[in-house]
Amino acid sequence: MTELRITGVDIYRGAIPMAAPFRISLGVISEADYLFIRIRTNGGIGGWGETTPISQITGDTQAINLAAAQTLARLLLGTNPLDIEARVTEMGRFLAFNSSVRAAFDMALYDIAGKTASLPLYALLGGGKRQLETDVTVGIDEPEKMAEQALALAKSGVPAIKIKLGTTADEDVRRIELIRKAVGDGIILRVDANQGWDLPTAVEVLHRLEALGIQYCEQPLARWDHAGFRRLRERTAIPIMADESVFDHRDAFTLTAGGCCDYLNIKLAKSGGIHTALKINAVAEACGAKCMLGCMMETRLGLTAAAHLVSARPNIRFVDLDGHLQLKEDPILGGATWRGTTITLPDAPGIGADVDPVFLARCEHDVVS
Ligand code: MG
């Protein structure tokens, strides 16, 4: 067999508006900006990946990612796409940070590996096919409006609701009081402050929420405040999950071995893709911590890649793959399907999803070959 080589990379740049603006404590998102990456090979097999940066979290934008993608594509030309270890190491050495654009290339490499092995990604990762249940997220709004939204979700059969918080203690507590009253006790509630509190506020809010049945609180404090996480964890019975504080396996080790959190939220856009996400989960497992798989505003392409990873690793206990529900358009052919909150994976080789050529025709297109 001739060794597989990367012969070219297509970079497509596009955007999809959101059905409604989505507010978190870090800002408001009203449009999702994408790069879709297709890595081509001499074997005729191509792989797809995507990046959707949220600049407040990943420190990059679509324009930054476009420039980075052109450079990364040149770095990869002529190399073996199946040596993912080497490719990911080279990309990480060449381009520190900028995790979301590296994630797009990582995803495309795994897509190629799965197609070459004729295995769906979950099987390539050595895992089984599981049916997954995602939560659905309610963005920051007036407490009454959030309670209405939560009630509508509960009535539609959503088993777990994630609620964005991170404004003031009184408002945040009122949000959860109204929501719990509206949905009753049978629904799982998770909260996410997106770094919106300082330590005294977090201690106060979580203390007041303890009687309201909160499954866990995501990222209560600033991403750098590991000591604050540790102190908060000693003062509340609500489990703490790190999100913006954990990008790679080294962060995972510092946080879990250091007793800073109970759970980790893995996102491919933060970890630079599947390769490092696997390491984060392994570190978490070694420290007795469960993980969640979360998302930015990815289309079903990125979400399908993430769902394969969850399926392959049962230590990833919680699923927060609902970003595409907020998009006005679904540009993906194939891929995982969502029936309500139940996610079913495809059995096609690799990620098992393609970007619709009709959507791509509207995108700016660069070729590196
Ligand atoms: Mg979060």
# chains A, B, ... in the order shown; residues from 1 in each chain; ligands from 1
>>> residues_around(residues="range 125-142 of chain A", least_positions_apart="5", cutoff="8 Å", atoms="only C-alpha atoms", output="ChimeraX atom specification")
/A:22-25,149-150,153,158-165,175,307,309,311-313,318-322,341-345
>>> write_last_selection(atoms="N, CA, C and O atoms", output="short mmCIF file (atom, residue, chain, number, x, y, z; two decimals), in the first residue's frame")
data_model
loop_
_atom_site.label_atom_id
_atom_site.label_comp_id
_atom_site.auth_asym_id
_atom_site.auth_seq_id
_atom_site.Cartn_x
_atom_site.Cartn_y
_atom_site.Cartn_z
N PHE A 22 -28.25 34.82 21.68
CA PHE A 22 -28.02 33.95 22.84
C PHE A 22 -27.08 34.66 23.79
O PHE A 22 -25.95 35.00 23.43
N ARG A 23 -27.56 34.92 25.04
CA ARG A 23 -26.76 35.70 25.98
C ARG A 23 -26.17 34.81 27.06
O ARG A 23 -26.88 34.01 27.67
N ILE A 24 -24.86 34.96 27.28
CA ILE A 24 -24.20 34.34 28.42
C ILE A 24 -23.49 35.47 29.16
O ILE A 24 -23.47 36.60 28.69
N SER A 25 -22.87 35.18 30.31
CA SER A 25 -22.31 36.28 31.10
C SER A 25 -21.14 36.95 30.37
O SER A 25 -20.79 38.09 30.67
N GLN A 149 -39.37 29.69 29.24
CA GLN A 149 -38.61 28.84 28.31
C GLN A 149 -38.37 27.45 28.90
O GLN A 149 -38.50 26.44 28.21
N ALA A 150 -37.98 27.43 30.17
CA ALA A 150 -37.70 26.15 30.82
C ALA A 150 -38.95 25.29 30.88
O ALA A 150 -38.90 24.07 30.65
N LEU A 153 -39.58 23.75 27.55
CA LEU A 153 -38.65 22.62 27.31
C LEU A 153 -39.10 21.40 28.10
O LEU A 153 -39.10 20.28 27.59
N VAL A 158 -37.79 17.42 27.52
CA VAL A 158 -36.35 17.55 27.76
C VAL A 158 -36.04 17.06 29.18
O VAL A 158 -36.64 17.55 30.14
N PRO A 159 -35.10 16.11 29.34
CA PRO A 159 -34.84 15.56 30.67
C PRO A 159 -33.91 16.41 31.53
O PRO A 159 -33.94 16.32 32.76
N ALA A 160 -33.07 17.23 30.89
CA ALA A 160 -32.10 18.04 31.64
C ALA A 160 -31.98 19.41 31.00
O ALA A 160 -31.85 19.52 29.78
N ILE A 161 -32.04 20.44 31.83
CA ILE A 161 -31.94 21.82 31.33
C ILE A 161 -30.71 22.46 31.95
O ILE A 161 -30.48 22.36 33.15
N LYS A 162 -29.91 23.10 31.08
CA LYS A 162 -28.75 23.85 31.56
C LYS A 162 -29.10 25.33 31.53
O LYS A 162 -29.56 25.83 30.51
N ILE A 163 -28.87 26.01 32.65
CA ILE A 163 -29.31 27.40 32.77
C ILE A 163 -28.09 28.31 32.91
O ILE A 163 -27.24 28.10 33.78
N LYS A 164 -28.05 29.31 32.04
CA LYS A 164 -26.95 30.27 32.10
C LYS A 164 -27.22 31.30 33.19
O LYS A 164 -28.31 31.89 33.24
N LEU A 165 -26.22 31.49 34.05
CA LEU A 165 -26.29 32.48 35.12
C LEU A 165 -25.03 33.35 35.03
O LEU A 165 -24.30 33.29 34.06
N ARG A 175 -33.81 33.44 39.24
CA ARG A 175 -33.94 32.64 38.01
C ARG A 175 -34.21 31.17 38.35
O ARG A 175 -35.13 30.55 37.83
N ALA A 307 -20.08 13.69 19.43
CA ALA A 307 -20.95 12.59 19.88
C ALA A 307 -20.26 11.23 19.73
O ALA A 307 -20.43 10.35 20.58
N LEU A 309 -17.12 10.72 20.15
CA LEU A 309 -16.19 10.65 21.27
C LEU A 309 -16.93 10.26 22.56
O LEU A 309 -16.46 9.40 23.31
N SER A 311 -19.67 8.60 22.78
CA SER A 311 -20.11 7.21 22.63
C SER A 311 -18.98 6.24 22.95
O SER A 311 -19.21 5.18 23.54
N ALA A 312 -17.76 6.63 22.60
CA ALA A 312 -16.61 5.73 22.77
C ALA A 312 -16.04 5.74 24.19
O ALA A 312 -15.23 4.89 24.54
N ARG A 313 -16.42 6.72 25.01
CA ARG A 313 -15.81 6.85 26.34
C ARG A 313 -16.89 7.09 27.41
O ARG A 313 -17.25 8.24 27.68
N PHE A 318 -21.81 13.26 30.93
CA PHE A 318 -22.83 14.29 30.65
C PHE A 318 -22.67 14.81 29.22
O PHE A 318 -21.54 14.94 28.73
N VAL A 319 -23.81 15.10 28.58
CA VAL A 319 -23.78 15.52 27.17
C VAL A 319 -24.48 16.88 27.04
O VAL A 319 -25.62 17.04 27.46
N ASP A 320 -23.77 17.83 26.45
CA ASP A 320 -24.30 19.18 26.24
C ASP A 320 -24.05 19.55 24.78
O ASP A 320 -23.25 20.42 24.46
N LEU A 321 -24.71 18.82 23.89
CA LEU A 321 -24.49 18.99 22.45
C LEU A 321 -25.78 19.50 21.82
O LEU A 321 -26.51 18.75 21.15
N ASP A 322 -26.03 20.79 22.04
CA ASP A 322 -27.30 21.38 21.58
C ASP A 322 -27.10 22.66 20.78
O ASP A 322 -28.07 23.35 20.47
N THR A 341 -34.13 15.21 22.34
CA THR A 341 -32.79 15.31 22.93
C THR A 341 -32.00 14.00 22.79
O THR A 341 -30.90 13.88 23.33
N THR A 342 -32.57 13.03 22.06
CA THR A 342 -31.88 11.75 21.87
C THR A 342 -31.02 11.80 20.61
O THR A 342 -31.52 12.10 19.53
N ILE A 343 -29.73 11.51 20.77
CA ILE A 343 -28.79 11.60 19.65
C ILE A 343 -28.46 10.19 19.18
O ILE A 343 -28.07 9.33 19.98
N THR A 344 -28.61 9.95 17.88
CA THR A 344 -28.25 8.66 17.29
C THR A 344 -27.11 8.86 16.30
O THR A 344 -27.20 9.71 15.40
N LEU A 345 -26.05 8.09 16.48
CA LEU A 345 -24.87 8.24 15.64
C LEU A 345 -25.03 7.53 14.30
O LEU A 345 -25.73 6.51 14.21
#
>>> residues_near_ligand(ligand="ligand 1", cutoff="6 Å", atoms="only C-alpha atoms and all ligand atoms", output="list of chain:residue names")
A:Asp192, A:Asn194, A:Glu218, A:Asp243
>>> closest_atom_pairs(of="range 94-193 of chain A", to="range 224-240 of chain A", cutoff="12 Å", atoms="only C-alpha atoms", output="CSV")
residue,atom,partner,partner_atom,distance
A:Leu189,CA,A:Ile238,CA,11.6
A:Arg190,CA,A:Ile238,CA,10.1
A:Val191,CA,A:Ile240,CA,9.9
A:Asp192,CA,A:Ile240,CA,9.9
A:Ala193,CA,A:Ile240,CA,11.0
>>> write_last_selection(atoms="N, CA and C atoms", output="compact mmCIF listing (two decimals), in the first residue's frame")
# COMPACT_ATOMS: atom_id res chain seq x y z
N LEU A 189 -31.62 20.00 36.65
CA LEU A 189 -31.17 21.38 36.38
C LEU A 189 -29.67 21.48 36.62
N ARG A 190 -28.98 22.04 35.62
CA ARG A 190 -27.54 22.34 35.73
C ARG A 190 -27.39 23.83 35.54
N VAL A 191 -26.43 24.46 36.20
CA VAL A 191 -26.23 25.89 36.00
C VAL A 191 -24.80 26.16 35.51
N ASP A 192 -24.64 27.27 34.78
CA ASP A 192 -23.34 27.65 34.23
C ASP A 192 -23.19 29.16 34.35
N ALA A 193 -22.24 29.61 35.18
CA ALA A 193 -22.05 31.05 35.40
C ALA A 193 -21.05 31.66 34.42
>>> residues_around(residues="His249 in chain A", least_positions_apart="6", cutoff="8 Å", atoms="only C-alpha atoms", output="list in words")
Thr276, Ala277, Lys279, Ile280, Asn281 and Val283 of chain A
>>> write_last_selection(atoms="N, CA, C and O atoms", output="PDB file, in the first residue's frame")
ATOM      1  N   THR A 276      -6.419  15.436  21.944  1.00  0.00           N
ATOM      2  CA  THR A 276      -6.190  15.928  23.304  1.00  0.00           C
ATOM      3  C   THR A 276      -7.411  15.708  24.192  1.00  0.00           C
ATOM      4  O   THR A 276      -7.280  15.512  25.402  1.00  0.00           O
ATOM      5  N   ALA A 277      -8.611  15.710  23.586  1.00  0.00           N
ATOM      6  CA  ALA A 277      -9.829  15.438  24.370  1.00  0.00           C
ATOM      7  C   ALA A 277      -9.737  14.047  25.012  1.00  0.00           C
ATOM      8  O   ALA A 277     -10.139  13.861  26.168  1.00  0.00           O
ATOM      9  N   LYS A 279      -7.045  12.591  25.956  1.00  0.00           N
ATOM     10  CA  LYS A 279      -6.099  12.684  27.074  1.00  0.00           C
ATOM     11  C   LYS A 279      -6.755  13.346  28.285  1.00  0.00           C
ATOM     12  O   LYS A 279      -6.519  12.949  29.424  1.00  0.00           O
ATOM     13  N   ILE A 280      -7.575  14.373  28.039  1.00  0.00           N
ATOM     14  CA  ILE A 280      -8.274  15.042  29.154  1.00  0.00           C
ATOM     15  C   ILE A 280      -9.143  14.022  29.881  1.00  0.00           C
ATOM     16  O   ILE A 280      -9.131  13.922  31.111  1.00  0.00           O
ATOM     17  N   ASN A 281      -9.889  13.242  29.100  1.00  0.00           N
ATOM     18  CA  ASN A 281     -10.776  12.260  29.719  1.00  0.00           C
ATOM     19  C   ASN A 281      -9.981  11.205  30.498  1.00  0.00           C
ATOM     20  O   ASN A 281     -10.399  10.779  31.571  1.00  0.00           O
ATOM     21  N   VAL A 283      -7.036  11.582  31.963  1.00  0.00           N
ATOM     22  CA  VAL A 283      -6.548  12.201  33.198  1.00  0.00           C
ATOM     23  C   VAL A 283      -7.689  12.301  34.213  1.00  0.00           C
ATOM     24  O   VAL A 283      -7.536  11.978  35.393  1.00  0.00           O
TER      25      VAL A 283
END
>>> residues_around(residues="Arg74 in chain A", least_positions_apart="2", cutoff="9 Å", atoms="only C-alpha atoms", output="mmCIF file with N, CA, C and O atoms, in the first residue's frame")
data_model
loop_
_atom_site.group_PDB
_atom_site.id
_atom_site.type_symbol
_atom_site.label_atom_id
_atom_site.label_comp_id
_atom_site.auth_asym_id
_atom_site.auth_seq_id
_atom_site.Cartn_x
_atom_site.Cartn_y
_atom_site.Cartn_z
ATOM 1 N N GLY A 8 -3.894 18.352 -0.438
ATOM 2 C CA GLY A 8 -4.496 19.681 -0.509
ATOM 3 C C GLY A 8 -5.477 19.899 0.636
ATOM 4 O O GLY A 8 -5.935 18.943 1.268
ATOM 5 N N VAL A 9 -5.756 21.161 0.891
ATOM 6 C CA VAL A 9 -6.741 21.505 1.935
ATOM 7 C C VAL A 9 -7.673 22.579 1.370
ATOM 8 O O VAL A 9 -7.218 23.599 0.833
ATOM 9 N N ALA A 69 -5.448 28.838 9.446
ATOM 10 C CA ALA A 69 -5.767 27.624 8.686
ATOM 11 C C ALA A 69 -4.911 27.532 7.421
ATOM 12 O O ALA A 69 -4.446 26.448 7.045
ATOM 13 N N GLN A 70 -4.676 28.688 6.772
ATOM 14 C CA GLN A 70 -3.848 28.665 5.558
ATOM 15 C C GLN A 70 -2.431 28.210 5.890
ATOM 16 O O GLN A 70 -1.821 27.429 5.160
ATOM 17 N N THR A 71 -1.920 28.678 7.033
ATOM 18 C CA THR A 71 -0.561 28.298 7.443
ATOM 19 C C THR A 71 -0.514 26.827 7.874
ATOM 20 O O THR A 71 0.406 26.092 7.507
ATOM 21 N N LEU A 72 -1.510 26.399 8.645
ATOM 22 C CA LEU A 72 -1.535 24.989 9.087
ATOM 23 C C LEU A 72 -1.647 24.061 7.886
ATOM 24 O O LEU A 72 -1.033 22.986 7.852
ATOM 25 N N LEU A 76 0.902 20.942 6.757
ATOM 26 C CA LEU A 76 0.480 19.538 6.643
ATOM 27 C C LEU A 76 0.704 18.953 5.253
ATOM 28 O O LEU A 76 0.726 17.727 5.101
ATOM 29 N N LEU A 77 0.837 19.789 4.248
ATOM 30 C CA LEU A 77 0.955 19.281 2.870
ATOM 31 C C LEU A 77 2.085 18.258 2.749
ATOM 32 O O LEU A 77 3.183 18.485 3.253
ATOM 33 N N GLY A 78 1.792 17.129 2.100
ATOM 34 C CA GLY A 78 2.817 16.108 1.856
ATOM 35 C C GLY A 78 3.019 15.145 3.008
ATOM 36 O O GLY A 78 3.767 14.174 2.887
ATOM 37 N N VAL A 368 -5.388 25.291 -0.569
ATOM 38 C CA VAL A 368 -3.932 25.209 -0.357
ATOM 39 C C VAL A 368 -3.502 23.859 -0.895
ATOM 40 O O VAL A 368 -3.979 22.817 -0.420
ATOM 41 N N SER A 369 -2.667 23.867 -1.941
ATOM 42 C CA SER A 369 -2.219 22.575 -2.497
ATOM 43 C C SER A 369 -0.842 22.738 -3.130
ATOM 44 O O SER A 369 -0.353 23.847 -3.255
#
>>> residues_around(residues="range 169-174 of chain A", least_positions_apart="3", cutoff="10 Å", atoms="only C-alpha atoms", output="VMD selection string")
chain A and resid 140 142 to 144 147 163 to 166 177 to 180 191 193 197 200 to 209 212
>>> write_last_selection(atoms="N, CA and C atoms", output="mmCIF file, in the first residue's frame")
data_model
loop_
_atom_site.group_PDB
_atom_site.id
_atom_site.type_symbol
_atom_site.label_atom_id
_atom_site.label_comp_id
_atom_site.auth_asym_id
_atom_site.auth_seq_id
_atom_site.Cartn_x
_atom_site.Cartn_y
_atom_site.Cartn_z
ATOM 1 N N ILE A 140 -29.211 33.664 29.241
ATOM 2 C CA ILE A 140 -29.565 34.674 30.248
ATOM 3 C C ILE A 140 -30.648 35.603 29.706
ATOM 4 N N GLU A 142 -34.536 37.867 31.387
ATOM 5 C CA GLU A 142 -35.304 38.168 32.595
ATOM 6 C C GLU A 142 -35.709 36.841 33.249
ATOM 7 N N PRO A 143 -35.665 36.754 34.581
ATOM 8 C CA PRO A 143 -35.983 35.476 35.244
ATOM 9 C C PRO A 143 -37.329 34.885 34.805
ATOM 10 N N GLU A 144 -38.355 35.728 34.641
ATOM 11 C CA GLU A 144 -39.681 35.217 34.250
ATOM 12 C C GLU A 144 -39.627 34.578 32.869
ATOM 13 N N ALA A 147 -37.963 31.234 32.986
ATOM 14 C CA ALA A 147 -38.853 30.215 33.552
ATOM 15 C C ALA A 147 -39.870 29.735 32.506
ATOM 16 N N ILE A 163 -28.875 26.007 32.651
ATOM 17 C CA ILE A 163 -29.306 27.397 32.773
ATOM 18 C C ILE A 163 -28.086 28.306 32.910
ATOM 19 N N LYS A 164 -28.048 29.309 32.042
ATOM 20 C CA LYS A 164 -26.948 30.269 32.099
ATOM 21 C C LYS A 164 -27.223 31.302 33.190
ATOM 22 N N LEU A 165 -26.219 31.489 34.052
ATOM 23 C CA LEU A 165 -26.285 32.481 35.123
ATOM 24 C C LEU A 165 -25.035 33.351 35.034
ATOM 25 N N GLY A 166 -24.825 34.170 36.094
ATOM 26 C CA GLY A 166 -23.583 34.943 36.150
ATOM 27 C C GLY A 166 -23.803 36.435 36.115
ATOM 28 N N GLU A 177 -35.077 29.813 41.289
ATOM 29 C CA GLU A 177 -36.312 29.604 42.078
ATOM 30 C C GLU A 177 -37.521 29.529 41.161
ATOM 31 N N LEU A 178 -37.619 30.473 40.207
ATOM 32 C CA LEU A 178 -38.773 30.494 39.295
ATOM 33 C C LEU A 178 -38.768 29.278 38.369
ATOM 34 N N ILE A 179 -37.578 28.908 37.900
ATOM 35 C CA ILE A 179 -37.484 27.775 36.972
ATOM 36 C C ILE A 179 -37.859 26.473 37.693
ATOM 37 N N ARG A 180 -37.314 26.278 38.887
ATOM 38 C CA ARG A 180 -37.626 25.034 39.621
ATOM 39 C C ARG A 180 -39.132 24.954 39.913
ATOM 40 N N VAL A 191 -26.425 24.460 36.204
ATOM 41 C CA VAL A 191 -26.225 25.891 35.997
ATOM 42 C C VAL A 191 -24.805 26.164 35.515
ATOM 43 N N ALA A 193 -22.236 29.605 35.179
ATOM 44 C CA ALA A 193 -22.050 31.048 35.399
ATOM 45 C C ALA A 193 -21.050 31.658 34.423
ATOM 46 N N TRP A 197 -19.068 35.158 38.422
ATOM 47 C CA TRP A 197 -19.083 35.507 39.850
ATOM 48 C C TRP A 197 -17.665 35.660 40.401
ATOM 49 N N PRO A 200 -16.991 35.384 46.836
ATOM 50 C CA PRO A 200 -18.101 35.586 47.786
ATOM 51 C C PRO A 200 -19.473 35.421 47.127
ATOM 52 N N THR A 201 -19.634 35.919 45.886
ATOM 53 C CA THR A 201 -20.923 35.776 45.193
ATOM 54 C C THR A 201 -21.217 34.310 44.920
ATOM 55 N N ALA A 202 -20.217 33.573 44.454
ATOM 56 C CA ALA A 202 -20.421 32.154 44.145
ATOM 57 C C ALA A 202 -20.814 31.381 45.401
ATOM 58 N N VAL A 203 -20.136 31.667 46.528
ATOM 59 C CA VAL A 203 -20.458 30.985 47.789
ATOM 60 C C VAL A 203 -21.908 31.283 48.171
ATOM 61 N N GLU A 204 -22.298 32.559 48.046
ATOM 62 C CA GLU A 204 -23.667 32.952 48.426
ATOM 63 C C GLU A 204 -24.710 32.293 47.512
ATOM 64 N N VAL A 205 -24.500 32.415 46.190
ATOM 65 C CA VAL A 205 -25.498 31.877 45.245
ATOM 66 C C VAL A 205 -25.634 30.365 45.431
ATOM 67 N N LEU A 206 -24.530 29.658 45.463
ATOM 68 C CA LEU A 206 -24.628 28.193 45.541
ATOM 69 C C LEU A 206 -25.233 27.759 46.875
ATOM 70 N N HIS A 207 -24.915 28.500 47.949
ATOM 71 C CA HIS A 207 -25.535 28.199 49.243
ATOM 72 C C HIS A 207 -27.064 28.326 49.137
ATOM 73 N N ARG A 208 -27.519 29.400 48.472
ATOM 74 C CA ARG A 208 -28.966 29.617 48.349
ATOM 75 C C ARG A 208 -29.609 28.641 47.353
ATOM 76 N N LEU A 209 -28.819 28.056 46.467
ATOM 77 C CA LEU A 209 -29.384 27.111 45.479
ATOM 78 C C LEU A 209 -29.373 25.657 45.965
ATOM 79 N N LEU A 212 -32.426 23.561 45.970
ATOM 80 C CA LEU A 212 -33.228 23.530 44.735
ATOM 81 C C LEU A 212 -32.817 22.422 43.769
#
>>> closest_residue(among="A:Ile64, A:Leu325, A:Ala117, A:Leu124", to="Gly340 in chain A", atoms="only C-alpha atoms")
A:Leu325
>>> select_by_dssp(residues="range 11-252 of chain A", states="strand (DSSP E)", output="PyMOL selection string")
chain A and resi 11-24+27-41+46-51+132-133+136-138+160-164+188-192+214-218+240-242
>>> atom_distance(atom1="CA of Ala282 in chain A", atom2="CA of Asn315 in chain A")
8.6 Å
